[in-house]
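Colleague: Below is the structure I would like to discuss, written out as structure tokens.
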Amino acid sequence: MIGHAPALALRYTRIISKETMKKHFLMTSALTGLMALGASGAFAQNVAIVNGKAVPKTRVDALALQLARTGRPVTPEMQGQIKEEVIAREVFMQEAEKRGLSGSDDFKTQMELARQAILIRELFADFQKKNPVTDADLKSEYDKFVAANGGKEYKTRHILVEKEDEAKAIIASLKKGGKFEEIAKKSSKDPGSGANGGDLDWANPSSYVPEFAEAMTKLNKGQMTDTPVKTQFGYHIIRIDDIRTAKLPPFEELKPQIAQQMQQQKLTAFQQGLREKAKVE
């Protein structure tokens, strides 16, 4: 029995060695799998490796977002184009770096200007985010628009001349049967309406200077001013061809336009306020 001890020990050692190797193999396989999973996860975060340098997917996402902000829809086909653009930029940047262009004074100046532009844009975006135009603001502005442009609209013709005596002579001629349209084409100094027989089309009184609007609103359909109307432009003979109730677009239709205008007004006031408060020496 003692003589068989070495053989038994060797056999036992072999059994342990097989178990150890099996466990080692399983552990190695598990580690390999984890390493492969980690590598695939890391690769998923990159769109390419250019000359050994990883190009992160975040660059593709950022460029796609930039295009979306301009109103351009990012289609699946464009995703491929964006990826190629990002890779091309990396190739070009690496070459520029290799040539030492990032250290030039011109590059540094342009980078500073770009930094300023981006930072200012972020400032304005932050202001607009924190100071939105409310629906109440929009409705109030629309009501002001209605008050200024509602009521009646007038389809008007006029003849504009430089001297009062000339205007009086034209009025006398019209009362004797002269054709308003023909005289306007021949004598009116208004280049816009004169060629069209003095036609000013439909308009609200607020569209005209006060003196003209006041005289116009006193006339009924088919009437003409008996005396010349003096304004900063000269002397007018005014005739009303028709009158109607103004038809204004509904609030919902004008809402986007009003919002854009009011947002710009808020931003302009913010900019002016900062400029006025700044100490400039």
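Chain labels A, B, ... are given in the sequence in which chains occur in the structure tokens; within each chain residues are numbered consecutively from 1, and ligands are likewise numbered from 1 in the order shown.
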I'd like the neighbourhood of Gly150 in chain A as JSON, numbers by chain, where a residue qualifies if any of its atoms comes within 10 Å (using only C-alpha atoms), though same-chain residues fewer than 4 positions away should be ignored.
Modeller: {"A": [143, 144, 145, 146, 204, 205, 206, 245, 246, 247, 248]}
Colleague: Could you dump the residues just selected with N, CA and C atoms as a compact mmCIF listing (two decimals), in the first residue's frame?
Modeller:
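What landed in part_19.txt:
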# COMPACT_ATOMS: atom_id res chain seq x y z
N ASP A 143 -55.30 92.68 -29.53
CA ASP A 143 -56.39 93.63 -29.27
C ASP A 143 -55.99 95.05 -29.67
N LYS A 144 -54.72 95.39 -29.44
CA LYS A 144 -54.22 96.71 -29.86
C LYS A 144 -54.24 96.82 -31.38
N PHE A 145 -53.87 95.74 -32.04
CA PHE A 145 -53.87 95.71 -33.51
C PHE A 145 -55.29 95.89 -34.05
N VAL A 146 -56.24 95.21 -33.42
CA VAL A 146 -57.64 95.31 -33.85
C VAL A 146 -58.16 96.73 -33.65
N ASN A 204 -57.00 101.31 -44.24
CA ASN A 204 -57.53 101.85 -42.99
C ASN A 204 -57.07 103.30 -42.85
N PRO A 205 -57.86 104.17 -42.22
CA PRO A 205 -57.44 105.56 -42.05
C PRO A 205 -56.07 105.72 -41.39
N SER A 206 -55.71 104.77 -40.50
CA SER A 206 -54.41 104.87 -39.82
C SER A 206 -53.24 104.70 -40.78
N THR A 245 -66.58 97.39 -43.88
CA THR A 245 -66.09 97.04 -42.54
C THR A 245 -64.80 96.23 -42.69
N ALA A 246 -63.79 96.60 -41.95
CA ALA A 246 -62.49 95.93 -42.05
C ALA A 246 -62.60 94.47 -41.65
N LYS A 247 -61.98 93.60 -42.43
CA LYS A 247 -61.93 92.18 -42.13
C LYS A 247 -60.51 91.82 -41.71
N LEU A 248 -60.34 91.61 -40.42
CA LEU A 248 -59.01 91.33 -39.89
C LEU A 248 -58.80 89.83 -39.69
Colleague: Do a neighbour search on Val47 in chain A at 12 Å with only C-alpha atoms, toss out local chain neighbours closer than 5 positions, and write the hits as a ChimeraX atom specification.
Modeller: /A:40-42,53-61,79-80,82-88,90
Colleague: Restricted to N, CA and C atoms, what would the selected residues look like written as a compact mmCIF listing (two decimals), in the first residue's frame?
Modeller:
# COMPACT_ATOMS: atom_id res chain seq x y z
N SER A 40 -17.42 46.48 -27.34
CA SER A 40 -18.51 46.79 -28.28
C SER A 40 -19.29 47.99 -27.79
N GLY A 41 -19.45 48.12 -26.45
CA GLY A 41 -20.14 49.28 -25.90
C GLY A 41 -19.37 50.55 -26.17
N ALA A 42 -18.04 50.49 -26.02
CA ALA A 42 -17.20 51.67 -26.30
C ALA A 42 -17.25 52.02 -27.76
N LYS A 53 -7.52 57.57 -33.76
CA LYS A 53 -8.23 58.46 -32.86
C LYS A 53 -9.73 58.25 -32.98
N ALA A 54 -10.40 58.05 -31.85
CA ALA A 54 -11.84 57.80 -31.85
C ALA A 54 -12.62 59.08 -32.17
N VAL A 55 -13.63 58.91 -32.99
CA VAL A 55 -14.54 60.02 -33.32
C VAL A 55 -15.86 59.74 -32.62
N PRO A 56 -16.19 60.45 -31.55
CA PRO A 56 -17.39 60.14 -30.76
C PRO A 56 -18.69 60.41 -31.51
N LYS A 57 -19.69 59.58 -31.20
CA LYS A 57 -21.01 59.74 -31.83
C LYS A 57 -21.65 61.06 -31.45
N THR A 58 -21.23 61.64 -30.33
CA THR A 58 -21.81 62.91 -29.90
C THR A 58 -21.63 64.01 -30.94
N ARG A 59 -20.56 63.90 -31.74
CA ARG A 59 -20.35 64.90 -32.79
C ARG A 59 -21.43 64.81 -33.86
N VAL A 60 -21.83 63.59 -34.19
CA VAL A 60 -22.92 63.39 -35.16
C VAL A 60 -24.22 63.96 -34.59
N ASP A 61 -24.47 63.65 -33.32
CA ASP A 61 -25.70 64.14 -32.68
C ASP A 61 -25.73 65.66 -32.62
N GLN A 79 -28.56 61.12 -42.05
CA GLN A 79 -27.71 60.63 -40.95
C GLN A 79 -26.39 60.11 -41.49
N GLY A 80 -26.46 59.38 -42.61
CA GLY A 80 -25.24 58.87 -43.23
C GLY A 80 -24.36 60.00 -43.72
N ILE A 82 -24.30 63.05 -42.56
CA ILE A 82 -23.75 63.74 -41.38
C ILE A 82 -22.56 62.97 -40.83
N LYS A 83 -22.67 61.65 -40.78
CA LYS A 83 -21.56 60.83 -40.30
C LYS A 83 -20.33 61.04 -41.17
N GLU A 84 -20.50 61.01 -42.49
CA GLU A 84 -19.37 61.23 -43.39
C GLU A 84 -18.77 62.62 -43.22
N GLU A 85 -19.63 63.61 -42.96
CA GLU A 85 -19.15 64.97 -42.74
C GLU A 85 -18.30 65.04 -41.48
N VAL A 86 -18.74 64.38 -40.43
CA VAL A 86 -18.00 64.37 -39.16
C VAL A 86 -16.65 63.69 -39.34
N ILE A 87 -16.62 62.57 -40.07
CA ILE A 87 -15.36 61.86 -40.31
C ILE A 87 -14.42 62.73 -41.13
N ALA A 88 -14.96 63.38 -42.18
CA ALA A 88 -14.14 64.25 -43.02
C ALA A 88 -13.54 65.38 -42.20
N GLU A 90 -12.80 65.34 -39.06
CA GLU A 90 -11.73 64.80 -38.22
C GLU A 90 -10.44 64.63 -39.03
Colleague: I'd like to know which of A:Val133, A:Lys108, A:Glu164, A:Phe92 is closest to Leu267 in chain A, using only C-alpha atoms.
Modeller: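 Among the listed residues, A:Val133 lies closest to Leu267 in chain A.
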Colleague: Give me, please, the distance in Å between CA of Val229 in chain A and CA of Gly151 in chain A, quoted to one decimal.
Modeller: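 Computing it gives 23.0 Å between the two atoms.
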Colleague: Run DSSP on the backbone and grab whatever in range 171-245 of chain A lands in alpha helix (DSSP H); send it over as a list in words.
Modeller: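 Matching residues for alpha helix (DSSP H) in range 171-245 of chain A are Ile171, Ala172, Ser173, Leu174, Lys175, Phe180, Glu181, Glu182, Ile183, Ala184, Lys185, Lys186, Ser187, Pro191, Gly192, Ser193, Gly194, Pro210, Glu211, Phe212, Ala213, Glu214, Ala215, Met216 and Thr217 of chain A.
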Colleague: Would you kindly return, as a PyMOL selection string, each protein, DNA or RNA residue with an atom no farther than 12 Å from any atom of Glu182 in chain A, considering only C-alpha atoms and excluding same-chain residues fewer than 5 positions away?
Modeller: chain A and resi 157-159+170+173-174+177+187-188+194-199
Colleague: Hey, can you check how far CA of Ala147 in chain A sits from CA of Asp241 in chain A?
Modeller: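 Spanning CA of Ala147 in chain A to CA of Asp241 in chain A is a straight-line distance of 23.9 Å.
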Colleague: For Gln128 in chain A, which residue out of A:Gly100, A:Glu77, A:Gln260, A:Glu281 is the nearest one, using only C-alpha atoms?
Modeller: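 Selected residue with least distance to Gln128 in chain A: A:Gln260.
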Colleague: Which of these, A:Thr109, A:Gln223, A:Leu63, A:Ala125, has the shortest distance to Arg89 in chain A once you count only C-alpha atoms?
Modeller: A:Leu63
Colleague: Restricting the calculation to only C-alpha atoms, which member of A:Lys130, A:Lys279, A:His236, A:Lys179 is positioned closest to Glu166 in chain A?
Modeller: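 Of all the options, A:His236 lies closest to Glu166 in chain A.
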Colleague: Could you tell me which of A:Thr268, A:Thr156, A:Gln94, A:Thr70 comes closest to Ile237 in chain A if we count only C-alpha atoms?
Modeller: A:Thr156
Colleague: List the neighbours of range 218-222 of chain A out to 12 Å using only C-alpha atoms; skip same-chain residues closer than 6 positions along the sequence, and give me the result as a count of residues only.
Modeller: 18
Colleague: So how far away is CA of Met262 in chain A from CA of Glu122 in chain A, in Å?
Modeller: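 Taking CA of Glu122 in chain A as the start and CA of Met262 in chain A as the end point, the length is 19.2 Å.
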Colleague: Of the candidates A:Ala64, A:Ala278, A:Ile183, A:Leu160, which one gets nearest to Leu200 in chain A if we count only C-alpha atoms?
Modeller: A:Leu160
